[in-house]
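*Asks:* The structure follows.
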Amino acid sequence: MKLALRELVRRPGRFATATVILTLIAVLLMFLGGLLDGLIRESTGAIRAQSGDLIVYSDTAQASFLRSRIEPDTRATVDAVDGVERTGGIGVVQLGARVPGNGPRDLASVALFGYEIAPDGVPDVPADGQAWADDILKADGVEVGDELLLGPARSPVTVAGFVSDTPYNSQGSLWASPATWRTVLTANRPDAQLADDVFQSLIVEVAPGADVGDVATAIDAATGDTETFTIDDAINAIPGVEEQQGTFNQIIGVTVVIGLVVIALFFALLTVERTGLYGVLKALGARSGTIFAGVVAQAVAVTLVAAVVAGGLALLLDAVIPPGSIPLLVTPTRIVTSTVLLLVAAIVGCAFSLRRVLRVDPASAIGSGS
Amino acid sequence: MSTSSSAPDTSAPALEMKAVRKVYRMGDADIIALDHASLTVQHDEIVALVGPSGSGKTTLCSIAGGILGATEGRVVVAGDDITDYDAKQLTKFRQERVGFVFQSVNLVPFLTARENLLVVDELGRRTGAAARARADQLLEELGLADRRNNLPSQLSGGQRQRVAIGRALMNEPRLVLFDEPTSALDTQLGEQVMELIRNEMKSRGTAAIVVTHDERITHFCDRSVHIVDGHLDAA
C-alpha cells in the first residue's frame, strides 16, 4: 500500500485524467443533490420549519392544506387527547402578489399563511394586515415596509420583516395572523372561505415524554375524521415531493454508476499496464492481496481528492448563485453523502481488477526481457 | 511450523534438485519442460546454466526460486524441502530465502535506488530500521552510496544492475538466481557486471545460478551446466 501511495505522489500525472473526470462526476453528483435539496426546501420549507411535532389534516385531504378543514369541535377533541400539550391552527392561500415598483403583470408568487404557533425562525404573530416575508421574495424586489396587494382582490398586506427557509411549493411564504389570512382567503377565494375558528390544519405540540406516534394514533382514533402526520411524514406527503426525490435519486444513481465504470475502466487499464511490475513484485514475495490493496488505496485516494475539489466547487457555486434564481442548497451532509457514494463506487470499481491481479503469474518476471 | 521460517542451514547445499520433472498441459498434449533434472549447487558455488531459448533453463530457475512447483521430483533450497509447499508457503519462501535478478532488471521506476532495496523488506519481514541500515550498507558496498536517492531513470545500465543485485541480497538469501544478467549490456559492461556478481557472491559466501546463453561469460562462474530440451548435462 505504501508503494501504491508513493506512486500517486511521485507520478501524479498518471492519475490526472481519472482525477479530473472523477472531479467532474463528483461536481455533477453534488450539484444534482444540491438541486434536489434546494427544490425540496423550496417545496417544504414552511412545513419543515414547524416547531410542533404533528400536523392534523382532515382524513380526506391527502395531506393537502387546501383540501383540509378542521372544525372547532374537532380541535377541541384533539386538545383533549392524552399527550397533546398545545394545538395551533394553520391555513394557507396561494396567490399572486403585486410588489410596489414592479410592473402590473410582474406578480410574485406567494403563499400566505395564517398561524397561531410560530414556526422555527418566525417571530410571533404580527398585527393584523402585516406579515413576515420569506427572504426568497427579495428576488422579486420585496422590501420591508412594502405593501403587497394579494390576488385579484388586491388585498393589502404590509411586510413587517424577513424570515428564512420557509418557502412553500417553491413560493415565498408570508406569515400573518389567522384574521389576516381569513380576510385574504375570503376576498380572493370565496369558494374556499372558512368560518371563524375553522382552520385548514392543526399543528400539535406533544407533551414531553409522550410518544409522538402513539399521540398521532390517539388523535385519529378520537376524532374519527382526521389523518395525523409527523412533520417528516407530512413533508413526504406533500404532492410531488416523493416524485421529485425519486426522479433525482435515479439520476444520482446513474451518475454514481458512471463514476463506478470510470474507476473500473481506469484501474483495469492501469492493472494491464502494470502486469510486468506486478509479476516482479510477486516474484519478490508480494501477495495478491497486498497488490490489490494498493490498487484500492490509489482509487480511494484519487476519489477523495476529486471529492474535496468537487465539494469546494459546489460550495462556491452555492455562494455565487443569487438567491431565488436556482433552487440550489449545498450542505455538508450532501457533500459527505456524495463522497461516500463515490468511495463505494471506487472500491466496487476496483473489484473488476481483482481477477486480473490474481492472475498475474510471478513466473512472468523470469525469462521476460520486456 | 513451516520449514521456511526455520534458521537456514549454512553448511547444506544451496540447492538440491533430484529427478525434477515439469510438464505443461497444452490442449491435449503434454509439453515436458524439464525432464528428470538433477542439480546440486554448493553453498558458495556460482553455476552458469547455459542453453538455447526454450531449453528449459527458465523453468529450472523458476522451480529453484519457488515460483513454479515441480510436477515430479524433489527440490531442497538451503535445507528447506519446498517440494510440497503451497502457494502461500512459496510466497513466504521467496520473501525470505532467495534473491532474484531479472533479465530487464525490472526496478520499480518511481522508487529511488534505496527504496527499491527496501521494497523487499516492505513485502516481507518489515524489519524497519534494520532493513534501512542493510540497504545503506549494501548500497555502500555496491558503490552506490551517492546514488541512493536517484530514480532508476537517473542511473546508468550498470548502476541499475547493481541496484538489482542489492535488491536480490536484501533478504540475505542463500541462493541468488540471475536471469540473463548481461543480455541487455555491451560486452565490456557485461564483463564488469559478471565480475561484480562474482565478487559480491564470493565475498558473502552466497550461491548463485546465472542463467545465460552467452558462453563468453561462463568463465566467471565456478562451473557450467548445459540444458537442452529439458535435459541437464554437467560440463
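Just remember, in the C-alpha cells the first chain shown is A, the second B, etc., residues are 1-based per chain, and ligands are 1-based in the order shown.
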Could you list, with a cut-off of 7 Å and counting only C-alpha atoms, the residues of chain B near chain A, each shown with its nearest atom pair and the distance in Å rounded to one decimal, rows sorted by chain and ascending number, as a tab-separated table?
*Replies:*
```
residue	atom	partner	partner_atom	distance
B:Thr58	CA	A:Gly367	CA	5.7
B:Ser62	CA	A:Ala363	CA	6.5
B:Ile67	CA	A:Ala363	CA	5.9
B:Leu68	CA	A:Ala363	CA	7.0
B:Thr91	CA	A:Gly285	CA	4.9
B:Lys92	CA	A:Gly285	CA	6.3
B:Arg94	CA	A:Gly285	CA	5.2
B:Gln95	CA	A:Gly285	CA	4.4
B:Phe102	CA	A:Ile366	CA	6.2
B:Gln103	CA	A:Gly369	CA	5.6
B:Ser104	CA	A:Gly369	CA	5.3
B:Phe110	CA	A:Glu7	CA	6.2
B:Val120	CA	A:Leu284	CA	6.7
B:Leu123	CA	A:Ala286	CA	5.4
B:Gly124	CA	A:Gly285	CA	6.8
B:Asp179	CA	A:Ile366	CA	6.7
```
*Asks:* Keeping C-alpha atoms, export the residues of the selection given above as a PDB file, in the first residue's frame.
*Replies:*
```
ATOM      1  CA  THR B  58      13.834 -20.505 -17.189  1.00  0.00           C
ATOM      2  CA  SER B  62      11.608 -20.726 -11.584  1.00  0.00           C
ATOM      3  CA  ILE B  67       7.970 -19.514  -8.399  1.00  0.00           C
ATOM      4  CA  LEU B  68       6.842 -22.749 -10.027  1.00  0.00           C
ATOM      5  CA  THR B  91       5.384 -16.676  -1.393  1.00  0.00           C
ATOM      6  CA  LYS B  92       6.891 -16.558   2.100  1.00  0.00           C
ATOM      7  CA  ARG B  94      10.546 -16.182  -1.898  1.00  0.00           C
ATOM      8  CA  GLN B  95      10.295 -13.262   0.520  1.00  0.00           C
ATOM      9  CA  PHE B 102      15.662 -10.312 -13.597  1.00  0.00           C
ATOM     10  CA  GLN B 103      16.645 -10.078 -17.241  1.00  0.00           C
ATOM     11  CA  SER B 104      15.488  -6.496 -17.760  1.00  0.00           C
ATOM     12  CA  PHE B 110       9.076   5.514  -9.319  1.00  0.00           C
ATOM     13  CA  VAL B 120      11.893  -6.446  -0.329  1.00  0.00           C
ATOM     14  CA  LEU B 123       6.782  -7.015   1.125  1.00  0.00           C
ATOM     15  CA  GLY B 124       8.235  -9.423   3.641  1.00  0.00           C
ATOM     16  CA  ASP B 179      18.233 -14.384 -15.274  1.00  0.00           C
TER      17      ASP B 179
END
```
*Asks:* Can you list every residue in range 182-336 of chain A that DSSP puts in strand (DSSP E), as a PyMOL selection string?
*Replies:* chain A and resi 201-206+226-230
*Asks:* For the selection just defined, write its residues with N, CA, C and O atoms to a file, as a PDB file, in the first residue's frame.
*Replies:*
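See result36.pdb below for the written result:
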```pdb
ATOM      1  N   SER A 201     -55.770  23.210   9.028  1.00  0.00           N
ATOM      2  CA  SER A 201     -54.985  22.149   9.663  1.00  0.00           C
ATOM      3  C   SER A 201     -54.611  22.571  11.077  1.00  0.00           C
ATOM      4  O   SER A 201     -54.764  23.742  11.441  1.00  0.00           O
ATOM      5  N   LEU A 202     -54.112  21.613  11.850  1.00  0.00           N
ATOM      6  CA  LEU A 202     -53.681  21.920  13.218  1.00  0.00           C
ATOM      7  C   LEU A 202     -52.240  21.481  13.408  1.00  0.00           C
ATOM      8  O   LEU A 202     -51.851  20.385  12.982  1.00  0.00           O
ATOM      9  N   ILE A 203     -51.442  22.353  14.037  1.00  0.00           N
ATOM     10  CA  ILE A 203     -50.094  21.958  14.463  1.00  0.00           C
ATOM     11  C   ILE A 203     -50.227  21.521  15.919  1.00  0.00           C
ATOM     12  O   ILE A 203     -50.841  22.219  16.728  1.00  0.00           O
ATOM     13  N   VAL A 204     -49.668  20.345  16.243  1.00  0.00           N
ATOM     14  CA  VAL A 204     -49.811  19.806  17.606  1.00  0.00           C
ATOM     15  C   VAL A 204     -48.438  19.699  18.251  1.00  0.00           C
ATOM     16  O   VAL A 204     -47.511  19.135  17.668  1.00  0.00           O
ATOM     17  N   GLU A 205     -48.331  20.270  19.451  1.00  0.00           N
ATOM     18  CA  GLU A 205     -47.126  20.047  20.248  1.00  0.00           C
ATOM     19  C   GLU A 205     -47.427  18.925  21.221  1.00  0.00           C
ATOM     20  O   GLU A 205     -48.434  18.971  21.943  1.00  0.00           O
ATOM     21  N   VAL A 206     -46.564  17.917  21.208  1.00  0.00           N
ATOM     22  CA  VAL A 206     -46.776  16.759  22.069  1.00  0.00           C
ATOM     23  C   VAL A 206     -46.092  17.004  23.414  1.00  0.00           C
ATOM     24  O   VAL A 206     -45.006  17.596  23.460  1.00  0.00           O
ATOM     25  N   THR A 226     -59.845  12.522  11.022  1.00  0.00           N
ATOM     26  CA  THR A 226     -58.583  13.234  10.747  1.00  0.00           C
ATOM     27  C   THR A 226     -57.490  12.245  10.361  1.00  0.00           C
ATOM     28  O   THR A 226     -57.596  11.045  10.628  1.00  0.00           O
ATOM     29  N   GLU A 227     -56.479  12.786   9.721  1.00  0.00           N
ATOM     30  CA  GLU A 227     -55.272  11.997   9.449  1.00  0.00           C
ATOM     31  C   GLU A 227     -54.097  12.814   9.972  1.00  0.00           C
ATOM     32  O   GLU A 227     -53.889  13.953   9.545  1.00  0.00           O
ATOM     33  N   THR A 228     -53.362  12.220  10.906  1.00  0.00           N
ATOM     34  CA  THR A 228     -52.300  12.958  11.590  1.00  0.00           C
ATOM     35  C   THR A 228     -50.933  12.456  11.144  1.00  0.00           C
ATOM     36  O   THR A 228     -50.697  11.252  11.075  1.00  0.00           O
ATOM     37  N   PHE A 229     -50.047  13.403  10.812  1.00  0.00           N
ATOM     38  CA  PHE A 229     -48.708  13.075  10.316  1.00  0.00           C
ATOM     39  C   PHE A 229     -47.652  13.657  11.252  1.00  0.00           C
ATOM     40  O   PHE A 229     -47.856  14.717  11.842  1.00  0.00           O
ATOM     41  N   THR A 230     -46.516  12.968  11.335  1.00  0.00           N
ATOM     42  CA  THR A 230     -45.348  13.639  11.926  1.00  0.00           C
ATOM     43  C   THR A 230     -44.879  14.668  10.898  1.00  0.00           C
ATOM     44  O   THR A 230     -45.271  14.606   9.729  1.00  0.00           O
TER      45      THR A 230
END
```
*Asks:* Can you list, as a PyMOL selection string, every residue of range 113-174 of chain A that DSSP puts in helix (DSSP H, G or I)?
*Replies:* chain A and resi 135-140
*Asks:* Just how far from CA of Leu60 in chain B is CA of Ser11 in chain B, in Å to one decimal?
*Replies:*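 Computing it gives 22.9 Å between the two atoms.
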*Asks:* Which neighbours of range 180-187 of chain B fall inside 12 Å, counting only C-alpha atoms, when residues of the same chain fewer than 4 positions from it are skipped, and could you give them as number ranges by chain?
*Replies:* A: 366-370; B: 48-53, 57-58, 61, 100-106, 156-162, 164-165, 176, 191-197, 208-218
*Asks:* Could I get the residues of range 234-264 of chain A with an atom no further than 12 Å from an atom of range 314-338 of chain A, each paired with its nearest atom pair and that distance in Å to one decimal, using only C-alpha atoms, sorted by chain and residue number, as a tab-separated table?
*Replies:*
```
residue	atom	partner	partner_atom	distance
A:Asn249	CA	A:Ser338	CA	11.6
A:Ile252	CA	A:Ser338	CA	9.1
A:Gly253	CA	A:Ser338	CA	10.5
A:Thr255	CA	A:Ser338	CA	10.4
A:Val256	CA	A:Ser338	CA	8.7
A:Gly259	CA	A:Ser338	CA	11.2
```
